[in-house]
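Following: one structure in structure tokens, then a few remarks.
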Amino acid sequence: MRYVTTFIMASMMREAPALADKKLYSASAMATAQIEGKQHYDELERQGVLGIVRKTRIRGRLADGVPMREGEKMLHLIRHGQGFHNLLGDLYRDFGKTVDSTGGDKSGNPYVRPEIEDSPLTAVGRQQAKALRPTTRALTGIELVVLSPLQRAAQTAALAMPHLKDIVPWIGHPLVQETSGVNVCDRRRDRSEIQDDFPWVEWGRLDSEKDEFFDPDERESARSVSDRGYDFMRWVRARPESEIIVATHSAWLFTLLNTVIEADSSDLSSWFLTGELRSVIVSFEDRA
């Protein structure tokens, strides 16, 4: 068995944002997390993806110091820090506008504005990412960093764990990219531009220069996002590393933890705040 040497820190990770400097988590941002979590759960239910049964059963529990059994993996899941699109959504709601974060209603949707294509981090988002440094430095068993190709996730990873740049492999993976389509903030930049900004990351899994998957007229289905999450977990299972950091996005994480991984508690499966890290131990069981 492999023991989790950082269980004390890991057990605190779920509550870290709530205990952080209130300047990093405004009342508007906290309210948005509640609203968007409900919107996305309702959308998962509406599209019939809750309770999917697949060939491999994947279970997850928050890291709590219990020894890892053979075949289990430790994933440190990070939602990116506040992006400009998140700020824009908060401002819309502050002025009484209803925002459909699922992309189902384009009217009054701030996330479709062309100015926030592949939205970068705000100043607060950068601070949130840097605030993760004590936690990531305490995680002495990290063997791999996986990140979404969207700018805000890559920036968060770079700011949260600069000490790992030359220590472990970094892989940009399209399977952990945010739900695609409609919301312009979720359309990635050209591959060459991403490579220029993050040259230490291996970007070979991006098949095309442009984001060919993005559809401006139709949001990616919940089933498609769920299937991507399942494919990613199969990829994780096949990797030799036992402890991996994944820098990604709220809707992707919510879909993963509610339709792919059988989470043992709502503390694990609930909506992530920006700049939040949760450590989860996952197990795999092939069904007959």
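Simple scheme: letters A, B, ... for chains in structure tokens order, numbers from 1 for residues in each chain, numbers from 1 for ligands in the order shown.
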Within 12 Å of A:Lys165 using only C-alpha atoms, minus same-chain residues under 2 positions, as a list of chain:residue names: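 Within the cut-off, the hits are A:Ile142, A:Glu143, A:Leu144, A:Val145, A:Val146, A:Ala157, A:Ala158, A:Leu159, A:Ala160, A:Met161, A:Pro162, A:His163, A:Ile167, A:Val168, A:Pro169, A:Trp170, A:Ile171, A:Phe198, A:Pro199, A:Trp200, A:Val201, A:Glu202.
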Writer output for current selection, C-alpha atoms, as a compact mmCIF listing (two decimals), in the first residue's frame:
# COMPACT_ATOMS: atom_id res chain seq x y z
CA ILE A 142 3.43 14.90 -7.32
CA GLU A 143 4.60 13.00 -10.40
CA LEU A 144 2.67 14.71 -13.22
CA VAL A 145 0.83 17.96 -13.97
CA VAL A 146 -2.05 17.86 -16.45
CA ALA A 157 -1.08 25.94 -12.97
CA ALA A 158 1.98 28.03 -13.78
CA LEU A 159 1.36 30.44 -10.90
CA ALA A 160 0.31 27.78 -8.37
CA MET A 161 3.30 25.46 -8.80
CA PRO A 162 6.31 27.13 -10.44
CA HIS A 163 8.57 24.84 -8.42
CA ILE A 167 10.79 18.60 -11.83
CA VAL A 168 7.89 16.61 -13.33
CA PRO A 169 6.27 16.34 -16.79
CA TRP A 170 3.57 18.86 -17.72
CA ILE A 171 0.98 17.72 -20.27
CA PHE A 198 3.85 27.87 -21.96
CA PRO A 199 6.90 26.32 -23.68
CA TRP A 200 7.69 23.82 -20.90
CA VAL A 201 4.32 22.09 -21.39
CA GLU A 202 3.95 19.20 -23.84
Shell around A:Arg239 at 10 Å using only C-alpha atoms, local window under 5 positions removed, as a list in words: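 Final neighbour list, sorted by chain and number: Lys73, Leu144, Met233, Arg234 and Ile244 of chain A.
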Generate a file of the selected residues that holds N, CA, C and O atoms, formatted as a PDB file, in the first residue's frame.
ATOM      1  N   LYS A  73      -5.369   5.885  -7.325  1.00  0.00           N
ATOM      2  CA  LYS A  73      -4.620   7.068  -7.733  1.00  0.00           C
ATOM      3  C   LYS A  73      -5.062   8.252  -6.880  1.00  0.00           C
ATOM      4  O   LYS A  73      -6.206   8.334  -6.436  1.00  0.00           O
ATOM      5  N   LEU A 144       3.129  14.241 -11.915  1.00  0.00           N
ATOM      6  CA  LEU A 144       2.670  14.705 -13.217  1.00  0.00           C
ATOM      7  C   LEU A 144       1.701  15.855 -13.024  1.00  0.00           C
ATOM      8  O   LEU A 144       0.889  15.851 -12.097  1.00  0.00           O
ATOM      9  N   MET A 233     -10.206   9.608 -17.332  1.00  0.00           N
ATOM     10  CA  MET A 233      -9.937   8.745 -16.186  1.00  0.00           C
ATOM     11  C   MET A 233      -9.345   7.403 -16.625  1.00  0.00           C
ATOM     12  O   MET A 233      -8.493   6.832 -15.923  1.00  0.00           O
ATOM     13  N   ARG A 234      -9.756   6.900 -17.759  1.00  0.00           N
ATOM     14  CA  ARG A 234      -9.136   5.688 -18.290  1.00  0.00           C
ATOM     15  C   ARG A 234      -7.670   5.960 -18.636  1.00  0.00           C
ATOM     16  O   ARG A 234      -6.796   5.101 -18.421  1.00  0.00           O
ATOM     17  N   ILE A 244      -1.226  12.900  -9.236  1.00  0.00           N
ATOM     18  CA  ILE A 244      -1.303  13.794 -10.397  1.00  0.00           C
ATOM     19  C   ILE A 244      -2.086  15.047 -10.036  1.00  0.00           C
ATOM     20  O   ILE A 244      -3.123  14.973  -9.367  1.00  0.00           O
TER      21      ILE A 244
END
Sel. of helix (DSSP H, G or I) residues, stretch 90-230 of chain A, as a ChimeraX atom specification: /A:90-94,110-112,114-116,123-130,133-138,151-160,162-164,174-176,184-186,191-197,222-230
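For the choices A:Ile58, A:Cys185, A:Ala29, A:Ala288, the atom-to-atom distance to A:Gly275 is smallest for A:Ala29 when using only C-alpha atoms.
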Contacts between stretch 203-222 of chain A and stretch 30-144 of chain A, please, where a residue of stretch 30-144 of chain A counts if it comes within 9 Å (with only C-alpha atoms); show its shortest atom pair and distance in Å to one decimal, rows by chain and ascending number, as a Markdown table.
| residue | atom | partner | partner_atom | distance |
| --- | --- | --- | --- | --- |
| A:Glu43 | CA | A:Ala222 | CA | 7.8 |
| A:Leu44 | CA | A:Ala222 | CA | 6.3 |
| A:Gln47 | CA | A:Ala222 | CA | 6.7 |
| A:Gly48 | CA | A:Ala222 | CA | 8.6 |
| A:Val49 | CA | A:Ala222 | CA | 6.9 |
| A:Thr102 | CA | A:Arg219 | CA | 8.0 |
| A:Gly103 | CA | A:Arg219 | CA | 6.2 |
| A:Gly104 | CA | A:Arg219 | CA | 7.4 |
| A:Val112 | CA | A:Pro216 | CA | 8.7 |
Take the residues from that selection and put them in a file with C-alpha atoms, as a short mmCIF file (atom, residue, chain, number, x, y, z; two decimals), in the first residue's frame.
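Result saved to result-v6.cif:
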data_model
loop_
_atom_site.label_atom_id
_atom_site.label_comp_id
_atom_site.auth_asym_id
_atom_site.auth_seq_id
_atom_site.Cartn_x
_atom_site.Cartn_y
_atom_site.Cartn_z
CA GLU A 43 -28.82 20.57 -16.78
CA LEU A 44 -27.17 17.22 -16.05
CA GLN A 47 -29.97 15.73 -20.26
CA GLY A 48 -30.22 12.38 -18.48
CA VAL A 49 -26.55 11.84 -17.66
CA THR A 102 -24.86 26.42 -19.27
CA GLY A 103 -25.03 28.24 -22.61
CA GLY A 104 -28.64 27.30 -23.16
CA VAL A 112 -20.50 35.00 -25.60
#
Distance criterion (only C-alpha atoms): nearest to A:Phe254 out of A:Asp197, A:Glu285, A:Glu178, A:Asp64: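 Among the listed residues, A:Glu178 lies closest to A:Phe254.
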A:Pro110 environment, 10 Å, only C-alpha atoms, sequence neighbours closer than 2 positions dropped, as a PyMOL selection string: chain A and resi 85-92+99-101+106-108+112-116+183-185
If you keep C-alpha atoms, can you produce a file of those selected residues as a JSON list (two decimals), in the first residue's frame?
[["chain", "number", "residue", "atom", "x", "y", "z"],
["A", 85, "HIS", "CA", -15.49, 36.00, -17.83],
["A", 86, "ASN", "CA", -16.19, 35.05, -14.19],
["A", 87, "LEU", "CA", -15.90, 38.69, -13.18],
["A", 88, "LEU", "CA", -18.22, 39.72, -16.00],
["A", 89, "GLY", "CA", -20.80, 37.15, -14.91],
["A", 90, "ASP", "CA", -20.62, 38.45, -11.32],
["A", 91, "LEU", "CA", -21.13, 42.03, -12.53],
["A", 92, "TYR", "CA", -24.12, 41.07, -14.65],
["A", 99, "VAL", "CA", -27.02, 34.62, -16.55],
["A", 100, "ASP", "CA", -27.38, 31.09, -17.93],
["A", 101, "SER", "CA", -23.90, 29.64, -17.47],
["A", 106, "LYS", "CA", -27.70, 33.26, -25.39],
["A", 107, "SER", "CA", -29.77, 36.36, -24.63],
["A", 108, "GLY", "CA", -27.94, 38.51, -22.11],
["A", 112, "VAL", "CA", -20.50, 35.00, -25.60],
["A", 113, "ARG", "CA", -18.78, 38.39, -25.87],
["A", 114, "PRO", "CA", -15.83, 38.23, -28.29],
["A", 115, "GLU", "CA", -13.64, 40.30, -25.96],
["A", 116, "ILE", "CA", -13.31, 37.37, -23.55],
["A", 183, "ASN", "CA", -19.52, 30.54, -24.70],
["A", 184, "VAL", "CA", -16.61, 32.29, -26.38],
["A", 185, "CYS", "CA", -14.60, 32.24, -23.15]]
Distance criterion (only C-alpha atoms): nearest to A:Glu262 out of A:Leu121, A:Val176, A:Ile281, A:Ile245: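 Closest residue, counting only C-alpha atoms: A:Ile281.
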